[in-house]
>>> print(open('data.tsv').read())   # TSV, C-alpha atoms
chain	number	residue	atom	x	y	z
F	1131	GLY	CA	7.71	58.51	30.71
F	1132	LEU	CA	9.28	61.84	31.55
F	1133	ILE	CA	8.05	64.10	28.73
F	1134	PRO	CA	4.78	63.43	26.82
F	1135	ASP	CA	6.22	64.00	23.32
F	1136	LEU	CA	9.49	62.17	23.98
F	1137	THR	CA	10.04	59.23	26.35
F	1138	ALA	CA	6.32	58.74	27.06
F	1139	ASN	CA	5.58	58.64	23.34
F	1140	ALA	CA	8.55	56.34	22.70
F	1141	ALA	CA	7.29	53.95	25.37
F	1142	LYS	CA	3.78	53.98	23.88
F	1143	ASN	CA	5.10	53.20	20.39
F	1144	ALA	CA	7.23	50.37	21.78
F	1145	ALA	CA	4.31	48.80	23.64
F	1146	LEU	CA	1.91	49.08	20.70
F	1147	GLY	CA	4.51	47.61	18.37
F	1148	ALA	CA	4.85	44.62	20.68
F	1149	GLY	CA	1.13	43.92	20.37
F	1150	ALA	CA	0.09	45.40	23.69
F	1151	LYS	CA	-3.11	47.29	24.37
F	1152	VAL	CA	-2.10	50.58	25.99
F	1153	GLU	CA	-4.58	51.43	28.74
F	1154	LYS	CA	-3.05	54.76	29.78
F	1155	VAL	CA	0.11	56.83	29.35
F	1156	TYR	CA	1.45	58.95	32.21
F	1157	ALA	CA	4.17	61.59	31.95
F	1158	GLY	CA	6.17	63.33	34.67
F	1159	THR	CA	6.04	62.60	38.39
F	1160	LEU	CA	3.07	60.45	39.38
F	1161	ASN	CA	0.71	61.80	42.02
F	1162	ASN	CA	-1.28	59.77	44.54
F	1163	ASN	CA	-4.48	59.87	42.48
F	1164	GLU	CA	-2.61	58.48	39.48
F	1165	ILE	CA	-1.17	55.66	41.59
F	1166	ILE	CA	-4.71	54.80	42.73
F	1167	GLU	CA	-5.91	54.95	39.12
F	1168	ILE	CA	-3.15	52.59	37.96
F	1169	GLN	CA	-4.12	50.18	40.73
F	1170	SER	CA	-7.75	50.25	39.60
F	1171	LEU	CA	-6.75	49.67	35.96
F	1172	ASN	CA	-4.94	46.49	37.06
F	1173	PRO	CA	-2.75	46.28	33.93
F	1174	ASP	CA	-0.88	43.11	32.97
F	1175	ILE	CA	2.35	45.06	32.42
F	1176	ILE	CA	3.59	48.41	33.71
F	1177	LEU	CA	6.33	49.92	31.55
F	1178	LEU	CA	8.40	52.50	33.41
F	1179	CYS	CA	10.54	54.83	31.30
F	1180	GLY	CA	12.14	58.23	31.60
F	1181	GLY	CA	15.34	60.14	31.03
F	1182	THR	CA	18.03	59.78	28.42
F	1183	ASP	CA	21.12	57.80	29.44
F	1184	GLY	CA	22.97	60.03	31.90
F	1185	GLY	CA	20.07	62.50	32.00
F	1186	ASN	CA	17.29	63.06	34.53
F	1187	GLU	CA	17.14	60.36	37.22
F	1188	LYS	CA	14.95	61.95	39.88
F	1189	VAL	CA	11.55	61.63	38.22
F	1190	VAL	CA	11.88	58.00	37.20
F	1191	CYS	CA	13.33	57.05	40.61
F	1192	ASP	CA	10.50	58.85	42.41
F	1193	ASN	CA	7.95	57.05	40.24
F	1194	ALA	CA	9.64	53.71	40.87
F	1195	LYS	CA	9.49	54.29	44.62
F	1196	LYS	CA	5.78	55.21	44.50
F	1197	ILE	CA	4.84	52.23	42.33
F	1198	ALA	CA	6.98	49.73	44.24
F	1199	SER	CA	5.61	50.81	47.63
F	1200	SER	CA	1.99	50.77	46.43
F	1201	LYS	CA	-0.48	47.91	46.35
F	1202	ILE	CA	-0.09	47.64	42.58
F	1203	ASN	CA	0.59	44.06	41.55
F	1204	SER	CA	1.70	43.63	37.95
F	1205	ASN	CA	4.57	42.62	35.69
F	1206	PHE	CA	7.00	45.53	35.91
F	1207	LEU	CA	9.45	46.53	33.20
F	1208	PHE	CA	12.00	49.36	33.25
F	1209	ALA	CA	13.35	50.86	30.01
F	1210	GLY	CA	14.67	54.26	31.03
F	1211	ASN	CA	17.88	56.07	31.97
F	1212	LYS	CA	20.52	53.35	32.43
F	1213	VAL	CA	22.11	55.33	35.27
F	1214	ALA	CA	18.90	54.85	37.26
F	1215	VAL	CA	18.70	51.06	36.80
F	1216	ASP	CA	20.26	50.18	40.17
F	1217	SER	CA	18.10	52.63	42.10
F	1218	VAL	CA	14.90	51.56	40.35
F	1219	THR	CA	15.49	47.83	40.74
F	1220	SER	CA	16.49	48.29	44.40
F	1221	GLU	CA	13.14	49.92	45.15
F	1222	PHE	CA	11.23	46.95	43.75
F	1223	ILE	CA	13.48	44.38	45.45
F	1224	PHE	CA	13.06	46.19	48.79
F	1225	HIS	CA	9.28	45.78	48.44
F	1226	ASP	CA	9.55	42.13	47.37
F	1227	LYS	CA	8.55	42.85	43.79
F	1228	LYS	CA	10.31	41.75	40.61
F	1229	ILE	CA	11.10	44.15	37.79
F	1230	ASP	CA	12.65	43.30	34.43
F	1231	VAL	CA	15.05	45.67	32.70
F	1232	ALA	CA	15.36	46.51	29.00
F	1233	GLU	CA	17.49	49.01	27.14
F	1234	ASN	CA	16.44	52.65	27.31
F	1235	VAL	CA	13.69	53.42	24.76
F	1236	MET	CA	15.30	56.83	24.21
F	1237	PRO	CA	19.01	56.65	25.07
F	1238	GLU	CA	19.57	60.13	23.65
F	1239	ILE	CA	17.38	62.91	22.35
F	1240	GLY	CA	16.11	62.04	18.88
F	1241	THR	CA	17.05	58.35	19.08
F	1242	LEU	CA	14.37	55.67	19.33
F	1243	ASN	CA	15.41	52.25	20.64
F	1244	ILE	CA	12.39	49.97	20.94
F	1245	GLU	CA	13.57	46.49	19.92
F	1246	SER	CA	14.86	45.53	23.38
F	1247	VAL	CA	11.72	46.55	25.26
F	1248	GLN	CA	9.47	44.91	22.65
F	1249	SER	CA	11.37	41.65	23.12
F	1250	LYS	CA	10.94	41.92	26.90
F	1251	ILE	CA	7.20	42.61	26.55
F	1252	ARG	CA	6.81	39.54	24.38
F	1253	THR	CA	8.75	37.44	26.92
F	1254	LEU	CA	6.51	38.68	29.73
F	1255	PHE	CA	3.49	37.80	27.61
F	1256	LEU	CA	4.76	34.27	26.99
F	1257	ASP	CA	6.16	33.55	30.45
F	1258	ASN	CA	3.56	35.16	32.69
F	1259	ILE	CA	0.41	36.54	31.13
F	1260	ILE	CA	-0.70	33.57	29.02
F	1261	GLN	CA	-0.32	31.29	32.05
F	1262	ALA	CA	-2.42	33.63	34.17
F	1263	LYS	CA	-5.12	33.67	31.50
F	1264	GLY	CA	-5.05	29.91	30.96
F	1265	ILE	CA	-3.65	30.01	27.44
F	1266	GLU	CA	-0.87	27.61	28.37
F	1267	SER	CA	-3.33	24.79	27.69
F	1268	THR	CA	-2.60	25.29	23.98
F	1269	GLY	CA	0.44	23.11	24.56
F	1270	LYS	CA	4.15	23.52	24.92
F	1271	ASP	CA	4.75	22.37	21.34
F	1272	ILE	CA	3.55	25.74	19.99
F	1273	ASP	CA	5.18	28.02	22.57
F	1274	SER	CA	7.68	29.26	20.01
F	1275	VAL	CA	4.98	30.84	17.86
F	1276	LEU	CA	2.66	32.24	20.51
F	1277	MET	CA	2.33	36.02	20.25
F	1278	PRO	CA	-0.41	38.62	20.69
F	1279	THR	CA	-2.69	38.77	17.64
F	1280	PRO	CA	-1.90	42.46	16.95
F	1281	MET	CA	1.80	41.68	16.93
F	1282	SER	CA	1.26	38.83	14.48
F	1283	ILE	CA	-0.59	41.19	12.12
F	1284	LEU	CA	2.22	43.73	12.42
F	1285	ASN	CA	4.62	40.88	11.67
F	1286	ALA	CA	2.59	40.03	8.56
F	1287	THR	CA	2.60	43.69	7.48
F	1288	LYS	CA	6.39	43.74	7.59
F	1289	LEU	CA	6.64	40.46	5.68
F	1290	ILE	CA	4.35	41.71	2.91
F	1291	ALA	CA	6.24	44.99	2.62
F	1292	ASP	CA	9.79	43.62	2.81
F	1293	GLY	CA	9.44	40.11	1.43
F	1294	THR	CA	12.03	37.45	2.27
F	1295	LYS	CA	15.64	36.78	1.35
F	1296	SER	CA	14.48	35.06	-1.85
F	1297	GLN	CA	11.18	36.86	-2.59
F	1298	LYS	CA	10.71	40.56	-3.23
F	1299	GLY	CA	8.22	42.36	-1.02
F	1300	TRP	CA	5.34	44.53	-2.19
F	1301	GLY	CA	6.76	47.78	-0.85
F	1302	ASN	CA	5.49	50.24	1.74
F	1303	SER	CA	2.28	48.79	3.16
F	1304	LEU	CA	-0.59	49.66	5.49
F	1305	VAL	CA	-3.06	47.26	7.10
F	1306	VAL	CA	-6.33	48.37	8.66
F	1307	ASP	CA	-8.04	45.97	11.06
F	1308	LEU	CA	-11.59	47.15	11.73
F	1309	GLY	CA	-13.06	45.31	14.69
F	1310	GLY	CA	-16.01	45.52	17.02
F	1311	ALA	CA	-14.12	47.31	19.79
F	1312	THR	CA	-11.13	48.99	18.13
F	1313	THR	CA	-9.72	50.05	14.79
F	1314	ASP	CA	-6.04	49.14	14.47
F	1315	ILE	CA	-3.73	50.40	11.76
F	1316	HIS	CA	-0.32	48.89	11.04
F	1317	SER	CA	2.22	50.42	8.68
F	1318	ALA	CA	5.59	49.32	7.33
F	1319	ALA	CA	7.32	52.39	5.89
F	1320	ASP	CA	10.11	54.71	6.96
F	1321	GLY	CA	7.74	57.68	6.87
F	1322	GLU	CA	10.40	60.18	5.86
F	1323	PRO	CA	9.31	63.44	4.15
F	1324	SER	CA	8.33	62.95	0.52
F	1325	ARG	CA	8.44	66.61	-0.47
F	1326	PRO	CA	11.09	69.35	-0.27
F	1327	ASN	CA	11.31	72.07	2.39
F	1328	VAL	CA	10.10	69.78	5.16
F	1329	THR	CA	11.68	69.45	8.60
F	1330	ARG	CA	10.84	66.76	11.16
F	1331	LYS	CA	9.36	67.44	14.60
F	1332	GLY	CA	9.68	65.10	17.55
F	1333	LEU	CA	11.11	61.61	17.75
F	1334	PRO	CA	11.83	59.55	14.65
F	1335	GLU	CA	8.89	57.30	13.84
F	1336	PRO	CA	9.39	53.51	13.90
F	1337	TYR	CA	9.47	51.72	10.55
F	1338	LEU	CA	6.82	49.36	11.92
F	1339	LYS	CA	4.05	51.31	13.59
F	1340	ARG	CA	0.77	50.25	15.11
F	1341	THR	CA	-1.97	52.53	16.38
F	1342	VAL	CA	-5.07	51.43	18.23
F	1343	GLU	CA	-8.20	53.57	18.24
F	1344	GLY	CA	-10.06	52.35	21.30
F	1345	ASP	CA	-12.97	54.70	20.68
F	1346	LEU	CA	-13.67	53.44	17.15
F	1347	GLY	CA	-15.35	50.05	16.91
F	1348	MET	CA	-18.21	48.68	14.87
F	1349	ARG	CA	-20.03	47.35	17.95
F	1350	TYR	CA	-18.76	48.06	21.45
F	1351	CYS	CA	-17.40	51.52	20.61
F	1352	ILE	CA	-19.75	52.52	17.81
F	1353	GLU	CA	-20.60	55.82	19.53
F	1354	GLY	CA	-17.06	57.00	18.76
F	1355	ILE	CA	-17.81	56.76	15.04
F	1356	ILE	CA	-20.92	58.92	15.17
F	1357	ASP	CA	-19.63	61.49	17.66
F	1358	GLY	CA	-19.21	65.03	16.41
F	1359	ASP	CA	-19.64	65.24	12.64
F	1360	GLY	CA	-19.55	61.46	12.27
F	1361	LEU	CA	-23.30	60.95	12.41
F	1362	ASP	CA	-23.99	63.58	9.76
F	1363	ILE	CA	-21.32	62.06	7.49
F	1364	VAL	CA	-22.81	58.58	7.88
F	1365	VAL	CA	-26.33	59.89	7.21
F	1366	LYS	CA	-25.23	61.72	4.08
F	1367	ASP	CA	-23.25	58.74	2.80
F	1368	CYS	CA	-25.90	56.06	3.32
F	1369	GLY	CA	-28.87	58.27	2.39
F	1370	PHE	CA	-31.10	57.33	5.34
F	1371	GLU	CA	-32.67	59.47	8.03
F	1372	LYS	CA	-30.65	60.26	11.14
F	1373	GLU	CA	-33.10	58.31	13.31
F	1374	LYS	CA	-32.61	55.15	11.22
F	1375	VAL	CA	-28.85	55.34	11.66
F	1376	GLU	CA	-29.13	56.00	15.39
F	1377	ASP	CA	-31.54	53.08	15.78
F	1378	TYR	CA	-29.13	50.74	14.01
F	1379	CYS	CA	-26.22	51.93	16.15
F	1380	SER	CA	-28.25	51.32	19.31
F	1381	LEU	CA	-29.20	47.86	18.05
F	1382	VAL	CA	-25.64	46.67	17.42
F	1383	LYS	CA	-24.36	48.30	20.61
F	1384	LYS	CA	-26.87	46.30	22.66
F	1385	ASN	CA	-26.45	43.16	20.56
F	1386	PRO	CA	-22.83	42.99	19.29
F	1387	ALA	CA	-23.47	39.64	17.62
F	1388	HIS	CA	-25.98	41.21	15.24
F	1389	LEU	CA	-25.02	41.10	11.57
F	1390	PRO	CA	-26.60	43.28	8.87
F	1391	VAL	CA	-29.45	41.34	7.28
F	1392	SER	CA	-30.99	43.83	4.87
F	1393	SER	CA	-29.62	46.07	2.15
F	1394	LYS	CA	-30.45	49.06	4.35
F	1395	GLU	CA	-28.42	47.71	7.26
F	1396	ARG	CA	-25.53	46.82	4.97
F	1397	ARG	CA	-25.46	50.38	3.62
F	1398	ILE	CA	-25.42	51.84	7.13
F	1399	GLU	CA	-22.72	49.38	8.18
F	1400	ARG	CA	-20.59	50.32	5.16
F	1401	SER	CA	-20.95	54.04	5.88
F	1402	LEU	CA	-19.99	53.54	9.52
F	1403	ALA	CA	-16.94	51.56	8.44
F	1404	LYS	CA	-15.90	54.29	5.99
F	1405	VAL	CA	-15.98	56.91	8.72
F	1406	ALA	CA	-14.12	54.67	11.19
F	1407	VAL	CA	-11.21	53.88	8.87
F	1408	GLU	CA	-10.86	57.49	7.75
F	1409	ILE	CA	-10.65	58.78	11.32
F	1410	ALA	CA	-8.20	56.01	12.23
F	1411	ALA	CA	-6.05	56.74	9.17
F	1412	ASN	CA	-5.87	60.43	10.01
F	1413	ARG	CA	-4.70	59.57	13.51
F	1414	HIS	CA	-2.10	57.08	12.28
F	1415	VAL	CA	-0.42	59.14	9.59
F	1416	GLY	CA	1.64	62.25	10.06
F	1417	THR	CA	0.65	65.83	9.39
F	1418	LEU	CA	2.23	68.92	7.92
F	1419	LYS	CA	2.08	72.44	9.24
F	1420	ASN	CA	3.11	75.33	7.03
F	1421	ILE	CA	5.25	78.11	8.47
F	1422	TYR	CA	6.23	81.31	6.71
F	1423	THR	CA	9.81	82.48	7.17
F	1424	PRO	CA	11.92	85.24	5.60
F	1425	MET	CA	13.24	82.52	3.28
F	1426	GLY	CA	9.75	81.52	2.17
F	1427	GLU	CA	7.25	78.84	3.12
F	1428	VAL	CA	8.52	75.74	4.95
F	1429	PHE	CA	6.68	72.75	6.39
F	1430	VAL	CA	7.02	70.95	9.70
F	1431	GLN	CA	6.16	67.25	9.68
F	1432	SER	CA	4.87	65.45	12.76
F	1433	GLY	CA	4.52	61.67	12.51
F	1434	LYS	CA	4.97	59.45	9.45
F	1435	ASP	CA	4.61	60.57	5.85
F	1436	LEU	CA	2.72	57.67	4.26
F	1437	SER	CA	2.05	59.44	0.96
F	1438	ASP	CA	4.13	56.85	-0.89
F	1439	VAL	CA	2.49	53.77	0.63
F	1440	SER	CA	1.51	51.62	-2.34
F	1441	ILE	CA	-0.43	48.82	-0.61
F	1442	ILE	CA	-3.49	49.06	1.63
F	1443	ILE	CA	-4.89	45.81	3.04
F	1444	GLY	CA	-8.23	45.52	4.79
F	1445	THR	CA	-9.08	42.96	7.44
F	1446	GLY	CA	-11.65	42.59	10.21
F	1447	GLY	CA	-15.23	41.41	9.89
F	1448	ALA	CA	-16.82	44.69	8.87
F	1449	ILE	CA	-14.46	44.97	5.90
F	1450	ILE	CA	-14.15	41.32	4.91
F	1451	GLU	CA	-17.91	40.69	5.01
F	1452	SER	CA	-18.85	43.96	3.34
F	1453	ASP	CA	-20.31	43.85	-0.15
F	1454	SER	CA	-18.18	46.92	-0.98
F	1455	PRO	CA	-14.78	46.62	0.76
F	1456	TYR	CA	-13.19	48.85	-1.88
F	1457	GLU	CA	-15.57	51.69	-0.97
F	1458	ILE	CA	-14.48	51.38	2.67
F	1459	LEU	CA	-10.75	51.17	2.08
F	1460	LYS	CA	-10.53	54.06	-0.38
F	1461	ASN	CA	-11.43	56.38	2.52
F	1462	ILE	CA	-7.93	55.76	3.87
F	1463	ALA	CA	-6.33	57.36	0.82
F	1464	PHE	CA	-5.29	61.00	0.51
F	1465	ASN	CA	-8.15	63.48	0.48
F	1466	PRO	CA	-7.50	66.81	-1.31
F	1467	SER	CA	-9.76	68.54	1.21
F	1468	GLU	CA	-7.19	67.62	3.90
F	1469	PRO	CA	-3.91	68.41	2.11
F	1470	PHE	CA	-1.80	68.33	5.28
F	1471	SER	CA	-2.81	64.79	6.26
F	1472	LEU	CA	-0.06	62.54	4.88
F	1473	ARG	CA	-2.23	59.63	3.75
F	1474	PRO	CA	-1.39	57.32	0.80
F	1475	LYS	CA	-1.85	59.04	-2.55
F	1476	SER	CA	-2.03	56.20	-5.08
F	1477	PRO	CA	-2.45	52.88	-3.28
F	1478	THR	CA	-3.60	49.51	-4.55
F	1479	TYR	CA	-6.20	47.86	-2.32
F	1480	TYR	CA	-6.26	44.26	-1.13
F	1481	LEU	CA	-8.65	42.24	1.02
F	1482	ASP	CA	-7.70	39.64	3.60
F	1483	LYS	CA	-10.57	37.55	2.26
F	1484	ASP	CA	-9.64	34.39	4.17
F	1485	TYR	CA	-9.04	36.22	7.46
F	1486	ILE	CA	-5.53	34.83	7.47
F	1487	LEU	CA	-3.18	37.75	8.15
F	1488	PHE	CA	-2.66	36.85	11.80
F	1489	ALA	CA	-1.72	33.30	10.79
F	1490	ILE	CA	0.71	34.63	8.18
F	1491	GLY	CA	2.41	36.64	10.91
F	1492	LEU	CA	2.75	33.54	13.06
F	1493	LEU	CA	3.99	31.37	10.19
F	1494	ASN	CA	6.57	34.03	9.35
F	1495	GLU	CA	8.36	33.07	12.57
F	1496	VAL	CA	8.74	29.49	11.30
F	1497	ASP	CA	9.02	29.72	7.50
F	1498	PRO	CA	8.93	33.23	5.96
F	1499	ASN	CA	8.95	31.95	2.38
F	1500	ILE	CA	5.85	29.80	2.81
F	1501	ALA	CA	4.14	32.59	4.76
F	1502	PHE	CA	4.86	35.06	1.97
F	1503	ARG	CA	3.58	32.72	-0.74
F	1504	ILE	CA	0.35	32.14	1.20
F	1505	ALA	CA	-0.08	35.91	1.53
F	1506	GLN	CA	0.35	36.35	-2.21
F	1507	LYS	CA	-2.31	33.73	-2.93
F	1508	SER	CA	-4.75	34.74	-0.22
F	1509	LEU	CA	-4.83	38.53	-0.49
F	1510	ALA	CA	-7.33	39.56	-3.16
F	1511	GLN	CA	-6.83	42.77	-5.11
F	1512	LEU	CA	-9.86	45.04	-5.08
F	1513	LYS	CA	-10.99	47.10	-8.02
F	1514	GLN	CA	-13.56	49.83	-8.29
>>> encode(input="data.tsv", output="structure tokens")
Amino acid sequence: GLIPDLTANAAKNAALGAGAKVEKVYAGTLNNNEIIEIQSLNPDIILLCGGTDGGNEKVVCDNAKKIASSKINSNFLFAGNKVAVDSVTSEFIFHDKKIDVAENVMPEIGTLNIESVQSKIRTLFLDNIIQAKGIESTGKDIDSVLMPTPMSILNATKLIADGTKSQKGWGNSLVVDLGGATTDIHSAADGEPSRPNVTRKGLPEPYLKRTVEGDLGMRYCIEGIIDGDGLDIVVKDCGFEKEKVEDYCSLVKKNPAHLPVSSKERRIERSLAKVAVEIAANRHVGTLKNIYTPMGEVFVQSGKDLSDVSIIIGTGGAIIESDSPYEILKNIAFNPSEPFSLRPKSPTYYLDKDYILFAIGLLNEVDPNIAFRIAQKSLAQLKQ
């Protein structure tokens, strides 16, 4: 993108909402080292954005020229300034590379347009990436419902929140998926300010939002949970010595297939999960900053206000298999010690006990009513 807080952020939100894993976000004119870095990352898709319609063309055209003339081989997608489309596509054609084009993710300042690029990303996934990875062997008869797992969970989140034409949804919802490598949070809510004297900063947030915390995982990225104050919080919560917690973290890092077998290990695992979901929630939700003016105190909101989210659903092995999933999920809720973090204030908690959310998202593409009824039966309400 062109500017980190605008087109680059819009592109990131679009990619995450389409179920992609975002390896890196670059803003401004790319330098040679960044081109080399992109080549080494070897991404499946490169999304090139920048400029409002009729705005800056130079940066995105320069980046297109550098990428097209490089040794980078990927699926290329342009979703920037529509005035630059001809120049950008010409660069790739000149270098015998194909680039797809979607609508601009930010056609004008303050306007987010992500549906077109998300559709293109899904098409690239279906038409190119799954073949390259051998997934086409699943059979042509299910092509219509193939989608990345994260996108299917986001799809399920929307279904649960909104319902169907004949069945009322549950209202604003949040799903946390705690895995071994990442912690993903999906929300379906408009995120508008819930209190007076609040102004918005930055781009409007998408109704459907997904964030991926690649440094927070219960196995492969467990060090991200205990970095900083995390270790002390885990130690205090589980009641064991610091060395015991560190030993357990080392064990599961080296042996990701290990499952907690004793009450001690289950307590440590639960405490790690509590820290992971709280950090992830803080990163997903918006924040307030108070500013004093001659007219009195006002607040500036960045991100989504999820104070009014009424449903929190937990999925992922560490939550589903925990003996205390409620204790884990309640760490997502509003904490009075962090009054400017716009987390849910009075949610009801549910567990994806059958590990079926991804399937609900897939089924929603075929029969939303059946998918919704299965969700209602499968999701178990948690109580303290």
>>> closest_residue(input="data.tsv", among="F:Gln1248, F:Asn1243, F:Ser1200, F:Asn1162", to="Leu1177 of chain F", atoms="all atoms listed in the file")
F:Gln1248
>>> axis_aligned_box(input="data.tsv", around="segment 1468-1485 of chain F", padding_each_side="4 Å", output="lines of an AutoDock Vina configuration file")
center_x = -5.3
center_y = 51.4
center_z = 1.2
size_x = 18.5
size_y = 42.0
size_z = 20.5
>>> closest_atom_pairs(input="data.tsv", of="segment 1394-1473 of chain F", to="segment 1302-1326 of chain F", cutoff="9 Å", atoms="all atoms listed in the file", output="JSON lines")
{"residue": "F:Ala1403", "atom": "CA", "partner": "F:Leu1308", "partner_atom": "CA", "distance": 7.7}
{"residue": "F:Ala1406", "atom": "CA", "partner": "F:Thr1313", "partner_atom": "CA", "distance": 7.3}
{"residue": "F:Val1407", "atom": "CA", "partner": "F:Thr1313", "partner_atom": "CA", "distance": 7.2}
{"residue": "F:Ala1410", "atom": "CA", "partner": "F:Thr1313", "partner_atom": "CA", "distance": 6.7}
{"residue": "F:Ala1411", "atom": "CA", "partner": "F:Ile1315", "partner_atom": "CA", "distance": 7.2}
{"residue": "F:His1414", "atom": "CA", "partner": "F:Ile1315", "partner_atom": "CA", "distance": 6.9}
{"residue": "F:Val1415", "atom": "CA", "partner": "F:Gly1321", "partner_atom": "CA", "distance": 8.7}
{"residue": "F:Gly1416", "atom": "CA", "partner": "F:Gly1321", "partner_atom": "CA", "distance": 8.3}
{"residue": "F:Val1428", "atom": "CA", "partner": "F:Pro1326", "partner_atom": "CA", "distance": 8.6}
{"residue": "F:Phe1429", "atom": "CA", "partner": "F:Pro1326", "partner_atom": "CA", "distance": 8.7}
{"residue": "F:Gln1431", "atom": "CA", "partner": "F:Pro1323", "partner_atom": "CA", "distance": 7.4}
{"residue": "F:Gly1433", "atom": "CA", "partner": "F:Gly1321", "partner_atom": "CA", "distance": 7.6}
{"residue": "F:Lys1434", "atom": "CA", "partner": "F:Gly1321", "partner_atom": "CA", "distance": 4.2}
{"residue": "F:Asp1435", "atom": "CA", "partner": "F:Gly1321", "partner_atom": "CA", "distance": 4.4}
{"residue": "F:Leu1436", "atom": "CA", "partner": "F:Gly1321", "partner_atom": "CA", "distance": 5.7}
{"residue": "F:Ser1437", "atom": "CA", "partner": "F:Ser1324", "partner_atom": "CA", "distance": 7.2}
{"residue": "F:Asp1438", "atom": "CA", "partner": "F:Asn1302", "partner_atom": "CA", "distance": 7.2}
{"residue": "F:Val1439", "atom": "CA", "partner": "F:Asn1302", "partner_atom": "CA", "distance": 4.8}
{"residue": "F:Ser1440", "atom": "CA", "partner": "F:Asn1302", "partner_atom": "CA", "distance": 5.9}
{"residue": "F:Ile1441", "atom": "CA", "partner": "F:Ser1303", "partner_atom": "CA", "distance": 4.6}
{"residue": "F:Ile1442", "atom": "CA", "partner": "F:Leu1304", "partner_atom": "CA", "distance": 4.9}
{"residue": "F:Ile1443", "atom": "CA", "partner": "F:Val1305", "partner_atom": "CA", "distance": 4.7}
{"residue": "F:Gly1444", "atom": "CA", "partner": "F:Val1306", "partner_atom": "CA", "distance": 5.2}
{"residue": "F:Thr1445", "atom": "CA", "partner": "F:Asp1307", "partner_atom": "CA", "distance": 4.8}
{"residue": "F:Gly1446", "atom": "CA", "partner": "F:Leu1308", "partner_atom": "CA", "distance": 4.8}
{"residue": "F:Gly1447", "atom": "CA", "partner": "F:Gly1309", "partner_atom": "CA", "distance": 6.6}
{"residue": "F:Ala1448", "atom": "CA", "partner": "F:Leu1308", "partner_atom": "CA", "distance": 6.4}
{"residue": "F:Ile1449", "atom": "CA", "partner": "F:Leu1308", "partner_atom": "CA", "distance": 6.9}
{"residue": "F:Leu1459", "atom": "CA", "partner": "F:Val1306", "partner_atom": "CA", "distance": 8.4}
{"residue": "F:Ile1462", "atom": "CA", "partner": "F:Val1306", "partner_atom": "CA", "distance": 9.0}
>>> closest_residue(input="data.tsv", among="F:Ser1393, F:Thr1423, F:Asn1139, F:Ser1471", to="Ile1409 of chain F", atoms="only C-alpha atoms")
F:Ser1471
>>> closest_residue(input="data.tsv", among="F:Ser1401, F:Asn1163, F:Ser1220, F:Asn1465", to="Lys1195 of chain F", atoms="all atoms listed in the file")
F:Ser1220
>>> build_atoms(input="data.tsv", residues="segment 1155-1167 of chain F", atoms="N, CA and C atoms", output="PDB file, in the coordinates of the input")
ATOM      1  N   VAL F1155      -1.266  56.334  29.369  1.00  0.00           N
ATOM      2  CA  VAL F1155       0.110  56.830  29.350  1.00  0.00           C
ATOM      3  C   VAL F1155       0.215  57.970  30.352  1.00  0.00           C
ATOM      4  N   TYR F1156       1.218  57.897  31.220  1.00  0.00           N
ATOM      5  CA  TYR F1156       1.450  58.950  32.210  1.00  0.00           C
ATOM      6  C   TYR F1156       2.814  59.576  31.941  1.00  0.00           C
ATOM      7  N   ALA F1157       2.908  60.881  32.149  1.00  0.00           N
ATOM      8  CA  ALA F1157       4.170  61.590  31.950  1.00  0.00           C
ATOM      9  C   ALA F1157       4.477  62.422  33.192  1.00  0.00           C
ATOM     10  N   GLY F1158       5.772  62.555  33.505  1.00  0.00           N
ATOM     11  CA  GLY F1158       6.170  63.330  34.670  1.00  0.00           C
ATOM     12  C   GLY F1158       6.025  62.544  35.957  1.00  0.00           C
ATOM     13  N   THR F1159       6.135  63.243  37.078  1.00  0.00           N
ATOM     14  CA  THR F1159       6.040  62.600  38.390  1.00  0.00           C
ATOM     15  C   THR F1159       4.604  62.201  38.685  1.00  0.00           C
ATOM     16  N   LEU F1160       4.413  60.954  39.067  1.00  0.00           N
ATOM     17  CA  LEU F1160       3.070  60.450  39.380  1.00  0.00           C
ATOM     18  C   LEU F1160       2.587  61.017  40.701  1.00  0.00           C
ATOM     19  N   ASN F1161       1.292  61.376  40.749  1.00  0.00           N
ATOM     20  CA  ASN F1161       0.710  61.800  42.020  1.00  0.00           C
ATOM     21  C   ASN F1161      -0.090  60.651  42.631  1.00  0.00           C
ATOM     22  N   ASN F1162      -0.589  60.851  43.831  1.00  0.00           N
ATOM     23  CA  ASN F1162      -1.280  59.770  44.540  1.00  0.00           C
ATOM     24  C   ASN F1162      -2.536  59.312  43.806  1.00  0.00           C
ATOM     25  N   ASN F1163      -3.263  60.247  43.220  1.00  0.00           N
ATOM     26  CA  ASN F1163      -4.480  59.870  42.480  1.00  0.00           C
ATOM     27  C   ASN F1163      -4.137  58.997  41.276  1.00  0.00           C
ATOM     28  N   GLU F1164      -3.020  59.290  40.632  1.00  0.00           N
ATOM     29  CA  GLU F1164      -2.610  58.480  39.480  1.00  0.00           C
ATOM     30  C   GLU F1164      -2.182  57.078  39.918  1.00  0.00           C
ATOM     31  N   ILE F1165      -1.535  56.976  41.059  1.00  0.00           N
ATOM     32  CA  ILE F1165      -1.170  55.660  41.590  1.00  0.00           C
ATOM     33  C   ILE F1165      -2.435  54.840  41.866  1.00  0.00           C
ATOM     34  N   ILE F1166      -3.429  55.474  42.460  1.00  0.00           N
ATOM     35  CA  ILE F1166      -4.710  54.800  42.730  1.00  0.00           C
ATOM     36  C   ILE F1166      -5.376  54.381  41.427  1.00  0.00           C
ATOM     37  N   GLU F1167      -5.306  55.261  40.415  1.00  0.00           N
ATOM     38  CA  GLU F1167      -5.910  54.950  39.120  1.00  0.00           C
ATOM     39  C   GLU F1167      -5.213  53.755  38.469  1.00  0.00           C
TER      40      GLU F1167
END
